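*Asks:* My structure file query34.pdb, PDB, C-alpha atoms and all ligand atoms, is below:
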ATOM      1  CA  MET A1417      -0.632 -28.727  30.990
ATOM      2  CA  LYS A1418       0.164 -26.534  28.039
ATOM      3  CA  THR A1419       3.882 -25.883  27.760
ATOM      4  CA  SER A1420       4.789 -22.555  26.217
ATOM      5  CA  ARG A1421       7.867 -22.294  24.050
ATOM      6  CA  ARG A1422       9.556 -20.219  26.737
ATOM      7  CA  ASP A1423       8.837 -22.949  29.337
ATOM      8  CA  PHE A1424      10.044 -25.537  26.871
ATOM      9  CA  ILE A1425      13.320 -23.689  26.398
ATOM     10  CA  ARG A1426      13.741 -23.490  30.169
ATOM     11  CA  LEU A1427      12.913 -27.182  30.554
ATOM     12  CA  ALA A1428      15.167 -28.072  27.683
ATOM     13  CA  GLY A1429      17.967 -26.069  29.269
ATOM     14  CA  ALA A1430      17.416 -27.734  32.626
ATOM     15  CA  THR A1431      17.785 -31.166  31.097
ATOM     16  CA  GLY A1432      20.949 -30.230  29.293
ATOM     17  CA  LEU A1433      19.373 -29.788  25.855
ATOM     18  CA  ALA A1434      21.179 -26.560  25.065
ATOM     19  CA  TRP A1435      20.069 -25.014  21.829
ATOM     20  CA  THR A1436      19.082 -21.544  20.811
ATOM     21  CA  LEU A1437      16.099 -20.468  18.776
ATOM     22  CA  PRO A1438      16.687 -17.832  16.131
ATOM     23  CA  ALA A1439      15.999 -14.445  17.733
ATOM     24  CA  TYR A1440      13.022 -13.709  15.448
ATOM     25  CA  VAL A1441      11.132 -16.807  16.590
ATOM     26  CA  SER A1442      11.004 -15.917  20.279
ATOM     27  CA  ALA A1443      10.424 -12.242  19.502
ATOM     28  CA  ALA A1444       7.515 -13.129  17.244
ATOM     29  CA  GLU A1445       5.870 -15.142  19.994
ATOM     30  CA  GLU A1446       6.068 -12.426  22.587
ATOM     31  CA  THR A1447       5.201  -9.598  20.166
ATOM     32  CA  PRO A1448       3.371 -10.487  16.957
ATOM     33  CA  VAL A1449       5.411  -8.973  14.157
ATOM     34  CA  LEU A1450       4.128  -8.273  10.675
ATOM     35  CA  ARG A1451       6.572  -7.393   7.912
ATOM     36  CA  LEU A1452       5.279  -6.017   4.610
ATOM     37  CA  GLY A1453       6.973  -4.842   1.435
ATOM     38  CA  VAL A1454       4.677  -2.120   0.065
ATOM     39  CA  GLY A1455       4.630  -0.410  -3.330
ATOM     40  CA  ALA A1456       2.010   1.977  -4.697
ATOM     41  CA  ASP A1457       1.050   3.502  -8.030
ATOM     42  CA  LEU A1458       3.471   1.724 -10.313
ATOM     43  CA  HIS A1459       1.576   3.051 -13.379
ATOM     44  CA  HIS A1460       3.216   0.583 -15.700
ATOM     45  CA  ASP A1461       1.458   2.177 -18.688
ATOM     46  CA  ILE A1462       3.058   5.568 -18.049
ATOM     47  CA  VAL A1463       6.701   4.747 -17.266
ATOM     48  CA  PRO A1464       9.033   2.604 -19.411
ATOM     49  CA  ASP A1465      10.676   0.714 -16.528
ATOM     50  CA  GLY A1466       7.750  -0.523 -14.427
ATOM     51  CA  ALA A1467       9.037  -4.100 -14.460
ATOM     52  CA  VAL A1468      12.408  -3.000 -13.026
ATOM     53  CA  ARG A1469      10.697  -0.996 -10.294
ATOM     54  CA  LEU A1470       8.451  -3.938  -9.401
ATOM     55  CA  ALA A1471      11.444  -6.314  -9.339
ATOM     56  CA  ALA A1472      13.167  -4.030  -6.806
ATOM     57  CA  LEU A1473      10.183  -4.269  -4.425
ATOM     58  CA  ILE A1474      10.005  -8.048  -4.779
ATOM     59  CA  ALA A1475      13.750  -8.443  -4.095
ATOM     60  CA  ALA A1476      13.660  -6.155  -1.041
ATOM     61  CA  SER A1477      10.569  -7.926   0.292
ATOM     62  CA  LYS A1478      12.329 -11.285   0.060
ATOM     63  CA  GLU A1479      15.406  -9.877   1.720
ATOM     64  CA  MET A1480      13.402  -8.586   4.688
ATOM     65  CA  ARG A1481      11.500 -11.913   4.901
ATOM     66  CA  ALA A1482       8.233 -10.071   4.410
ATOM     67  CA  HIS A1483       5.047 -11.929   5.326
ATOM     68  CA  ALA A1484       3.511 -10.363   2.226
ATOM     69  CA  VAL A1485       4.305  -8.041  -0.625
ATOM     70  CA  VAL A1486       1.657  -5.416  -1.333
ATOM     71  CA  GLN A1487       0.735  -3.301  -4.334
ATOM     72  CA  LEU A1488      -1.639  -0.493  -3.405
ATOM     73  CA  GLY A1489      -3.253  -0.005  -6.817
ATOM     74  CA  ASP A1490      -2.755   1.861 -10.103
ATOM     75  CA  PHE A1491      -0.642  -1.100 -11.139
ATOM     76  CA  CYS A1492      -1.482  -1.416 -14.840
ATOM     77  CA  GLN A1493      -4.353  -1.491 -17.301
ATOM     78  CA  PRO A1494      -5.932  -4.952 -17.650
ATOM     79  CA  ILE A1495      -4.767  -5.536 -21.225
ATOM     80  CA  ALA A1496      -2.869  -8.320 -22.964
ATOM     81  CA  ALA A1497       0.262  -6.169 -23.312
ATOM     82  CA  ASN A1498       0.504  -6.102 -19.513
ATOM     83  CA  LEU A1499       0.292  -9.863 -18.970
ATOM     84  CA  PRO A1500       4.109 -10.165 -18.662
ATOM     85  CA  LEU A1501       4.016  -7.698 -15.746
ATOM     86  CA  LEU A1502       1.183  -9.619 -14.096
ATOM     87  CA  LYS A1503       3.134 -12.857 -14.591
ATOM     88  CA  GLN A1504       6.240 -11.302 -13.043
ATOM     89  CA  TRP A1505       4.151 -10.204 -10.054
ATOM     90  CA  ARG A1506       2.386 -13.542  -9.592
ATOM     91  CA  GLU A1507       5.685 -15.409  -9.770
ATOM     92  CA  ALA A1508       7.188 -13.309  -6.966
ATOM     93  CA  GLY A1509       7.106 -16.288  -4.603
ATOM     94  CA  LEU A1510       5.604 -14.278  -1.749
ATOM     95  CA  THR A1511       2.111 -13.908  -0.323
ATOM     96  CA  GLN A1512       0.571 -11.020  -2.240
ATOM     97  CA  ILE A1513      -1.934  -8.324  -1.476
ATOM     98  CA  ASP A1514      -3.530  -6.444  -4.365
ATOM     99  CA  VAL A1515      -5.556  -3.283  -3.976
ATOM    100  CA  LEU A1516      -7.639  -1.948  -6.867
ATOM    101  CA  GLY A1517      -6.676   1.572  -7.976
ATOM    102  CA  ASN A1518      -8.789   3.857 -10.149
ATOM    103  CA  HIS A1519      -6.413   3.612 -13.118
ATOM    104  CA  ASP A1520      -6.605  -0.187 -13.048
ATOM    105  CA  MET A1521      -9.948   0.262 -14.822
ATOM    106  CA  ASP A1522      -8.583   2.612 -17.520
ATOM    107  CA  GLY A1523      -9.518   1.564 -21.018
ATOM    108  CA  GLY A1524     -13.118   0.782 -20.076
ATOM    109  CA  SER A1525     -12.788  -2.008 -17.501
ATOM    110  CA  THR A1526     -14.836  -2.325 -14.310
ATOM    111  CA  PRO A1527     -13.522  -3.149 -10.818
ATOM    112  CA  GLU A1528     -15.082  -6.617 -11.161
ATOM    113  CA  ASN A1529     -13.407  -7.271 -14.513
ATOM    114  CA  THR A1530     -10.023  -5.943 -13.394
ATOM    115  CA  ALA A1531     -10.209  -8.106 -10.260
ATOM    116  CA  LYS A1532     -10.916 -11.099 -12.478
ATOM    117  CA  TRP A1533      -8.094 -10.193 -14.885
ATOM    118  CA  MET A1534      -5.701 -10.010 -11.941
ATOM    119  CA  GLY A1535      -6.887 -13.380 -10.635
ATOM    120  CA  LEU A1536      -8.445 -11.926  -7.472
ATOM    121  CA  GLN A1537     -11.382 -13.662  -5.788
ATOM    122  CA  SER A1538     -13.134 -10.360  -5.111
ATOM    123  CA  ARG A1539     -12.754  -6.566  -5.206
ATOM    124  CA  TYR A1540     -12.424  -6.352  -1.431
ATOM    125  CA  SER A1541     -11.307  -9.118   0.884
ATOM    126  CA  THR A1542      -9.762 -10.146   4.173
ATOM    127  CA  GLN A1543      -7.170 -12.639   5.334
ATOM    128  CA  VAL A1544      -5.266 -13.458   8.509
ATOM    129  CA  LEU A1545      -1.503 -13.271   8.292
ATOM    130  CA  ALA A1546       1.078 -13.560  11.068
ATOM    131  CA  GLY A1547      -1.599 -12.981  13.706
ATOM    132  CA  TYR A1548      -2.967  -9.835  12.042
ATOM    133  CA  ARG A1549      -6.279  -9.404  10.242
ATOM    134  CA  LEU A1550      -5.625  -7.727   6.923
ATOM    135  CA  ILE A1551      -8.568  -5.898   5.340
ATOM    136  CA  ILE A1552      -8.336  -4.874   1.683
ATOM    137  CA  LEU A1553     -10.916  -2.287   0.612
ATOM    138  CA  ASP A1554     -12.081  -1.295  -2.863
ATOM    139  CA  GLY A1555     -12.293   2.504  -2.963
ATOM    140  CA  ASN A1556     -13.624   2.610  -6.515
ATOM    141  CA  GLU A1557     -17.327   2.651  -5.733
ATOM    142  CA  ARG A1558     -19.944   5.356  -6.212
ATOM    143  CA  ARG A1559     -22.600   6.502  -3.762
ATOM    144  CA  LYS A1560     -25.969   8.001  -4.592
ATOM    145  CA  ASP A1561     -25.757  10.473  -1.696
ATOM    146  CA  ILE A1562     -22.375  11.995  -2.682
ATOM    147  CA  GLN A1563     -21.852  12.929  -6.330
ATOM    148  CA  VAL A1564     -18.232  12.776  -7.552
ATOM    149  CA  LYS A1565     -16.927  14.013 -10.879
ATOM    150  CA  GLY A1566     -14.313  11.884 -12.605
ATOM    151  CA  TYR A1567     -13.101   8.647 -11.109
ATOM    152  CA  ALA A1568     -15.268   6.883  -8.531
ATOM    153  CA  ARG A1569     -13.796   7.157  -5.041
ATOM    154  CA  ALA A1570     -16.241   6.004  -2.408
ATOM    155  CA  ILE A1571     -17.009   3.066  -0.151
ATOM    156  CA  SER A1572     -20.593   1.817  -0.526
ATOM    157  CA  ASP A1573     -22.911   1.048   2.384
ATOM    158  CA  GLU A1574     -22.679  -2.611   1.391
ATOM    159  CA  GLN A1575     -18.886  -2.541   1.743
ATOM    160  CA  LEU A1576     -19.124  -0.583   5.010
ATOM    161  CA  ASP A1577     -21.431  -3.294   6.391
ATOM    162  CA  TRP A1578     -18.962  -5.943   5.219
ATOM    163  CA  LEU A1579     -16.171  -4.025   6.972
ATOM    164  CA  LYS A1580     -18.154  -3.983  10.234
ATOM    165  CA  ARG A1581     -18.891  -7.720   9.965
ATOM    166  CA  THR A1582     -15.254  -8.440   9.180
ATOM    167  CA  LEU A1583     -14.069  -6.490  12.215
ATOM    168  CA  ALA A1584     -16.513  -8.498  14.353
ATOM    169  CA  LEU A1585     -15.018 -11.836  13.251
ATOM    170  CA  ASP A1586     -12.269 -11.783  15.892
ATOM    171  CA  THR A1587     -10.174  -9.483  18.037
ATOM    172  CA  LEU A1588      -6.940  -9.708  16.069
ATOM    173  CA  PRO A1589      -4.893  -6.570  15.404
ATOM    174  CA  VAL A1590      -5.912  -5.053  12.070
ATOM    175  CA  VAL A1591      -4.171  -3.518   9.053
ATOM    176  CA  VAL A1592      -6.363  -1.818   6.423
ATOM    177  CA  PHE A1593      -5.403  -1.262   2.784
ATOM    178  CA  CYS A1594      -7.150   1.124   0.384
ATOM    179  CA  HIS A1595      -5.942   2.842  -2.778
ATOM    180  CA  GLN A1596      -7.370   6.306  -2.072
ATOM    181  CA  GLY A1597      -6.649   8.284   1.098
ATOM    182  CA  LEU A1598      -8.821   7.608   4.131
ATOM    183  CA  ASP A1599      -7.319  10.262   6.420
ATOM    184  CA  GLY A1600      -9.460  13.070   4.963
ATOM    185  CA  ILE A1601      -7.036  14.288   2.266
ATOM    186  CA  ASP A1602      -8.558  16.146  -0.718
ATOM    187  CA  GLY A1603      -9.245  13.757  -3.584
ATOM    188  CA  GLY A1604      -9.353  10.733  -1.281
ATOM    189  CA  ILE A1605     -12.343   8.547  -0.401
ATOM    190  CA  VAL A1606     -15.339  10.911  -0.338
ATOM    191  CA  ASN A1607     -16.929   9.202   2.664
ATOM    192  CA  ALA A1608     -13.628   8.562   4.441
ATOM    193  CA  ALA A1609     -15.136   9.914   7.677
ATOM    194  CA  GLN A1610     -17.686   7.075   7.660
ATOM    195  CA  VAL A1611     -14.895   4.503   7.253
ATOM    196  CA  ARG A1612     -12.858   6.133  10.033
ATOM    197  CA  THR A1613     -15.886   5.984  12.347
ATOM    198  CA  VAL A1614     -16.136   2.219  11.784
ATOM    199  CA  LEU A1615     -12.415   1.794  12.476
ATOM    200  CA  GLU A1616     -12.497   4.005  15.573
ATOM    201  CA  ASP A1617     -15.536   2.087  16.876
ATOM    202  CA  ALA A1618     -13.525  -1.126  16.503
ATOM    203  CA  ASN A1619     -10.729   0.412  18.564
ATOM    204  CA  ARG A1620     -13.207   1.471  21.239
ATOM    205  CA  SER A1621     -14.823  -1.994  21.381
ATOM    206  CA  ALA A1622     -11.383  -3.554  21.758
ATOM    207  CA  GLY A1623     -10.495  -1.095  24.517
ATOM    208  CA  GLY A1624      -7.303  -0.103  22.730
ATOM    209  CA  ALA A1625      -5.406   0.426  19.527
ATOM    210  CA  ARG A1626      -6.636  -2.580  17.553
ATOM    211  CA  ILE A1627      -6.385  -0.833  14.162
ATOM    212  CA  ARG A1628      -2.612  -0.778  13.865
ATOM    213  CA  LEU A1629      -2.197   0.873  10.475
ATOM    214  CA  VAL A1630      -4.093   2.110   7.420
ATOM    215  CA  LEU A1631      -2.048   2.035   4.208
ATOM    216  CA  THR A1632      -3.000   4.079   1.137
ATOM    217  CA  GLY A1633      -1.523   5.251  -2.167
ATOM    218  CA  HIS A1634      -3.129   7.265  -5.020
ATOM    219  CA  HIS A1635      -1.869  10.711  -3.976
ATOM    220  CA  HIS A1636       1.831  10.054  -4.780
ATOM    221  CA  LEU A1637       2.818  11.722  -1.497
ATOM    222  CA  ASP A1638       4.881  10.750   1.535
ATOM    223  CA  TYR A1639       3.276  11.236   4.944
ATOM    224  CA  LEU A1640       2.058   9.608   8.138
ATOM    225  CA  VAL A1641      -0.823  11.155  10.074
ATOM    226  CA  GLN A1642      -2.682  10.053  13.178
ATOM    227  CA  VAL A1643      -6.445  10.543  12.991
ATOM    228  CA  GLY A1644      -8.626   9.456  15.909
ATOM    229  CA  GLY A1645      -5.747   7.446  17.365
ATOM    230  CA  ILE A1646      -5.118   5.499  14.139
ATOM    231  CA  PRO A1647      -1.944   5.889  12.018
ATOM    232  CA  TYR A1648      -2.552   6.488   8.290
ATOM    233  CA  LEU A1649       0.514   5.940   6.100
ATOM    234  CA  GLN A1650       0.491   7.393   2.591
ATOM    235  CA  VAL A1651       2.967   5.471   0.433
ATOM    236  CA  ASN A1652       4.515   7.532  -2.366
ATOM    237  CA  SER A1653       4.401   6.203  -5.928
ATOM    238  CA  PHE A1654       6.974   3.729  -7.194
ATOM    239  CA  SER A1655       7.431   6.000 -10.194
ATOM    240  CA  TYR A1656       6.405   9.676 -10.412
ATOM    241  CA  TYR A1657       4.362  12.704  -9.385
ATOM    242  CA  TRP A1658       1.651  13.831 -11.821
ATOM    243  CA  THR A1659       1.421  17.296 -13.418
ATOM    244  CA  ASP A1660      -0.802  18.659 -16.198
ATOM    245  CA  LYS A1661       2.098  20.593 -17.821
ATOM    246  CA  LYS A1662       2.854  18.929 -21.117
ATOM    247  CA  SER A1663       6.010  20.748 -22.107
ATOM    248  CA  ALA A1664       8.826  18.977 -20.270
ATOM    249  CA  GLY A1665      10.142  16.706 -22.991
ATOM    250  CA  GLY A1666      13.790  15.853 -23.535
ATOM    251  CA  ARG A1667      14.425  13.995 -20.295
ATOM    252  CA  PHE A1668      14.167  10.632 -22.078
ATOM    253  CA  PRO A1669      15.163   9.471 -25.571
ATOM    254  CA  ALA A1670      12.700  10.681 -28.203
ATOM    255  CA  GLU A1671      11.502   7.169 -29.069
ATOM    256  CA  VAL A1672      10.779   6.459 -25.382
ATOM    257  CA  GLU A1673       8.824   9.704 -25.044
ATOM    258  CA  GLN A1674       6.911   8.798 -28.167
ATOM    259  CA  ARG A1675       5.936   5.422 -26.761
ATOM    260  CA  TYR A1676       5.215   6.802 -23.278
ATOM    261  CA  PRO A1677       3.814  10.295 -24.019
ATOM    262  CA  TYR A1678       2.950  11.125 -20.393
ATOM    263  CA  LEU A1679       6.688  11.132 -19.588
ATOM    264  CA  LYS A1680       6.738  14.677 -20.977
ATOM    265  CA  GLN A1681       4.630  15.942 -18.128
ATOM    266  CA  VAL A1682       5.224  13.834 -15.000
ATOM    267  CA  LEU A1683       7.984  14.322 -12.415
ATOM    268  CA  VAL A1684       9.744  10.974 -12.704
ATOM    269  CA  TYR A1685      11.654   9.395  -9.817
ATOM    270  CA  ASP A1686      15.020   8.063 -10.981
ATOM    271  CA  GLN A1687      14.857   5.128  -8.527
ATOM    272  CA  PRO A1688      11.925   2.910  -7.546
ATOM    273  CA  LEU A1689      10.246   3.994  -4.309
ATOM    274  CA  PHE A1690       8.605   1.569  -1.903
ATOM    275  CA  ALA A1691       8.211   1.064   1.841
ATOM    276  CA  GLN A1692       9.414  -1.773   4.033
ATOM    277  CA  VAL A1693       6.963  -1.810   6.932
ATOM    278  CA  GLU A1694       7.266  -3.649  10.228
ATOM    279  CA  LEU A1695       4.480  -3.672  12.808
ATOM    280  CA  THR A1696       4.659  -4.863  16.391
ATOM    281  CA  SER A1697       2.099  -4.764  19.183
ATOM    282  CA  THR A1698       3.523  -1.454  20.356
ATOM    283  CA  GLY A1699       3.980   0.458  17.090
ATOM    284  CA  GLY A1700       5.657   0.271  13.764
ATOM    285  CA  LYS A1701       8.439   1.447  11.555
ATOM    286  CA  VAL A1702       9.008   2.189   7.897
ATOM    287  CA  LEU A1703      12.219   1.868   5.977
ATOM    288  CA  GLY A1704      11.764   4.093   2.938
ATOM    289  CA  ARG A1705      13.728   4.723  -0.251
ATOM    290  CA  LYS A1706      15.282   7.835  -1.737
ATOM    291  CA  ALA A1707      15.343   8.984  -5.359
ATOM    292  CA  GLU A1708      15.909  12.187  -7.346
ATOM    293  CA  PHE A1709      13.664  13.754  -9.949
ATOM    294  CA  VAL A1710      14.876  12.693 -13.414
ATOM    295  CA  GLY A1711      16.690  15.602 -15.072
ATOM    296  CA  GLY A1712      16.319  17.639 -11.888
ATOM    297  CA  TYR A1713      12.721  18.321 -13.017
ATOM    298  CA  GLY A1714      10.733  18.682  -9.792
ATOM    299  CA  PRO A1715       7.762  20.813  -8.708
ATOM    300  CA  ALA A1716       9.727  24.089  -8.812
ATOM    301  CA  GLN A1717      10.888  23.444 -12.397
ATOM    302  CA  ALA A1718       7.377  22.404 -13.433
ATOM    303  CA  GLN A1719       6.018  25.512 -11.677
ATOM    304  CA  ILE A1720       3.445  23.592  -9.703
ATOM    305  CA  PRO A1721       2.788  24.002  -5.954
ATOM    306  CA  LEU A1722       5.539  22.511  -3.805
ATOM    307  CA  THR A1723       2.923  20.956  -1.553
ATOM    308  CA  THR A1724      -0.410  19.201  -1.960
ATOM    309  CA  SER A1725      -2.888  19.299   0.933
ATOM    310  CA  GLY A1726      -0.006  20.443   3.134
ATOM    311  CA  HIS A1727       2.309  17.583   2.147
ATOM    312  CA  ALA A1728       5.534  18.200   0.210
ATOM    313  CA  VAL A1729       5.930  16.783  -3.291
ATOM    314  CA  THR A1730       9.041  14.630  -2.841
ATOM    315  CA  PRO A1731      10.973  11.903  -4.661
ATOM    316  CA  PHE A1732      11.303   9.761  -1.564
ATOM    317  CA  ILE A1733       9.580   7.684   1.102
ATOM    318  CA  SER A1734      10.726   8.676   4.584
ATOM    319  CA  ASP A1735      12.000   6.332   7.266
ATOM    320  CA  ARG A1736       9.554   6.477  10.151
ATOM    321  CA  LYS A1737       8.892   5.070  13.590
ATOM    322  CA  TRP A1738       5.776   5.384  15.738
TER     323      TRP A1738
HETATM  324 FE    FE B1801      -4.925   6.427  -8.169
END
Any chance you could put this one into structure tokens?
*Replies:*
Amino acid sequence: MKTSRRDFIRLAGATGLAWTLPAYVSAAEETPVLRLGVGADLHHDIVPDGAVRLAALIAASKEMRAHAVVQLGDFCQPIAANLPLLKQWREAGLTQIDVLGNHDMDGGSTPENTAKWMGLQSRYSTQVLAGYRLIILDGNERRKDIQVKGYARAISDEQLDWLKRTLALDTLPVVVFCHQGLDGIDGGIVNAAQVRTVLEDANRSAGGARIRLVLTGHHHLDYLVQVGGIPYLQVNSFSYYWTDKKSAGGRFPAEVEQRYPYLKQVLVYDQPLFAQVELTSTGGKVLGRKAEFVGGYGPAQAQIPLTTSGHAVTPFISDRKW
């Protein structure tokens, strides 16, 4: 006869062996819990304090006893000058999930070469963690049937087939990671609808909400939307919101602006932003972080739209529950 932990506790109690399990152990058995520390779009090459921002995510992830710490892409260029940042990240002492962002190939790299530089086995991958199947996609592919100007932002048929095969491996609850938006947002994955169809089919086959969460970055926005019964969480950037206006100097010392010239045009967050995510079998919650725009220079001051695709440009990640 298989004795469950609950039975064992009852038996142990009956025989006078009175001891108490930590609350999280019994809770985890009855409801699989997945805790993730999640940062997106660090853009170490654009801001002067990327290492400090990354350290804040690592510390918070340890504090929450995260099963993994995640970076959702646009981490840094794969160049020798960024090896100290990569070392800092790899020495975090936590299980790590890396997603390839479009800017991780800046300077002429390819997704394959950046993956290698970061020490990743492959551009897209899967692993099982705390009873959840985690699926990491590479959104930096091109398709012949949909032409895209600028950065590649598609999922190939080959990767879609891999996704279907991966979902067929088991019936575990699933969390999907991708740099670019998959909810249909402008500038996201161009064939996001095809990916959503695969995910929604997996839900249907499982007879319920098997796809528990899709996490994306890239857009430097803060929102949660439900599409086809699946929650899509957009995690704001660690660091800033992009603008094309190049005239907002003077918020940082001149030598810093000289070394990091894009600081003159981006709306910089004065504190690192990241999300502490907890999933259970019934839903999830996010503990976000709040910042201010450095120098009070936000979208109104930069005279750019206050919203993008209907989502406010904000220097924070909201607390959420669903
Ligand atoms: Fe990006």
*Asks:* Using only C-alpha atoms - which residues lie no farther than 8 Å from the point (4.0, 13.7, -12.1) in the file's frame? Write them as number ranges by chain.
*Replies:* A: 1656-1659, 1681-1684
*Asks:* Which neighbours of Asp1573 in chain A fall inside 12 Å, counting all atoms listed in the file, when residues of the same chain fewer than 2 positions from it are skipped, and could you give them as a ChimeraX atom specification?
*Replies:* /A:1555,1557-1561,1570-1571,1575-1580,1607,1610-1611,1614
*Asks:* Care to translate the PyMOL selection byres (((chain A and resi 1714-1716) around 12) and not hetatm) into actual residues of this file, as a PyMOL selection string?
*Replies:* chain A and resi 1656-1661+1664+1681-1686+1707-1713+1717-1724+1728-1731
*Asks:* Just so the selection is clear, what residues does the PyMOL selection byres (((not hetatm)) within 10 of (chain B and resi 1801)) cover here, as a list in words?
*Replies:*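 Taken over the shown coordinates, the PyMOL selection byres (((not hetatm)) within 10 of (chain B and resi 1801)) returns Ala1456, Asp1457, Leu1458, His1459, Leu1488, Gly1489, Asp1490, Phe1491, Leu1516, Gly1517, Asn1518, His1519, Asp1520, Gly1555, Asn1556, Tyr1567, Arg1569, His1595, Gln1596, Gly1597, Gly1603, Gly1604, Thr1632, Gly1633, His1634, His1635, His1636 and Ser1653 of chain A.
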*Asks:* Skip Pro1494 in chain A itself and residues of its chain fewer than 5 positions away, then list as a ChimeraX atom specification all residues within 12 Å of it, counting all atoms listed in the file.
*Replies:* /A:1459-1461,1499-1502,1516-1535
*Asks:* Would you kindly return, as a list in words, each protein, DNA or RNA residue with an atom no farther than 8 Å from any atom of range 1696-1704 of chain A, considering all atoms listed in the file and excluding same-chain residues fewer than 6 positions away?
*Replies:* Thr1447, Pro1448, Val1449, Leu1450, Arg1628, Leu1689, Phe1690, Phe1732, Ile1733, Ser1734, Asp1735, Arg1736, Lys1737 and Trp1738 of chain A
*Asks:* List as a list in words the protein and nucleic acid residues near Pro1464 in chain A, meaning an atom at most 10 Å away when all atoms listed in the file are counted, but skip any in the same chain fewer than 5 places from it.
*Replies:*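 The residues that qualify are His1459, Arg1469, Ser1655, Phe1668, Val1672, Glu1673, Arg1675, Tyr1676 and Leu1679 of chain A.
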*Asks:* Any idea what the distance is between CA of Ser1725 in chain A and CA of Ala1608 in chain A?
*Replies:* 15.6 Å
*Asks:* Tell me which residues the PyMOL selection byres (((chain A and resi 1540-1551) around 7) and not hetatm) grabs here, as a list of chain:residue names.
*Replies:*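 Listing what the PyMOL selection byres (((chain A and resi 1540-1551) around 7) and not hetatm) selects in the shown file: A:Pro1448, A:Leu1450, A:Ser1538, A:Arg1539, A:Ile1552, A:Leu1553, A:Asp1554, A:Leu1588, A:Pro1589, A:Val1590, A:Val1591, A:Val1592, A:Phe1593.
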*Asks:* So the first atom is CA of Phe1654 in chain A and the second is CA of Gln1642 in chain A; what is the distance between them in Å, to one decimal place?
*Replies:*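 Answer for the CA of Phe1654 in chain A to CA of Gln1642 in chain A separation: 23.4 Å.
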*Asks:* Kindly give the distance, in Å, that separates CA of Val1651 in chain A and CA of Glu1694 in chain A, rounded to a single decimal.
*Replies:*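 Between these atoms lies a distance of 14.1 Å.
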*Asks:* Select, from A:Ala1670, A:Val1564, A:Val1630, A:Leu1452, the residue with the minimum atom-to-atom distance to Glu1479 in chain A, counting all atoms listed in the file.
*Replies:*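 So, comparing all the options, the nearest one is A:Leu1452.
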*Asks:* Considering only C-alpha atoms, can you say which of A:Ile1562, A:Val1515, A:Ala1471, A:Cys1594 comes closest to Val1606 in chain A?
*Replies:*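 Checking each candidate against Val1606 in chain A, we get A:Ile1562 as the closest.
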*Asks:* Restricting the calculation to all atoms listed in the file: of A:Asp1465, A:Asp1638, A:Glu1574, A:Glu1616, which residue gets closest to Ala1691 in chain A?
*Replies:*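 Ranked by minimum distance to Ala1691 in chain A, first place goes to A:Asp1638.
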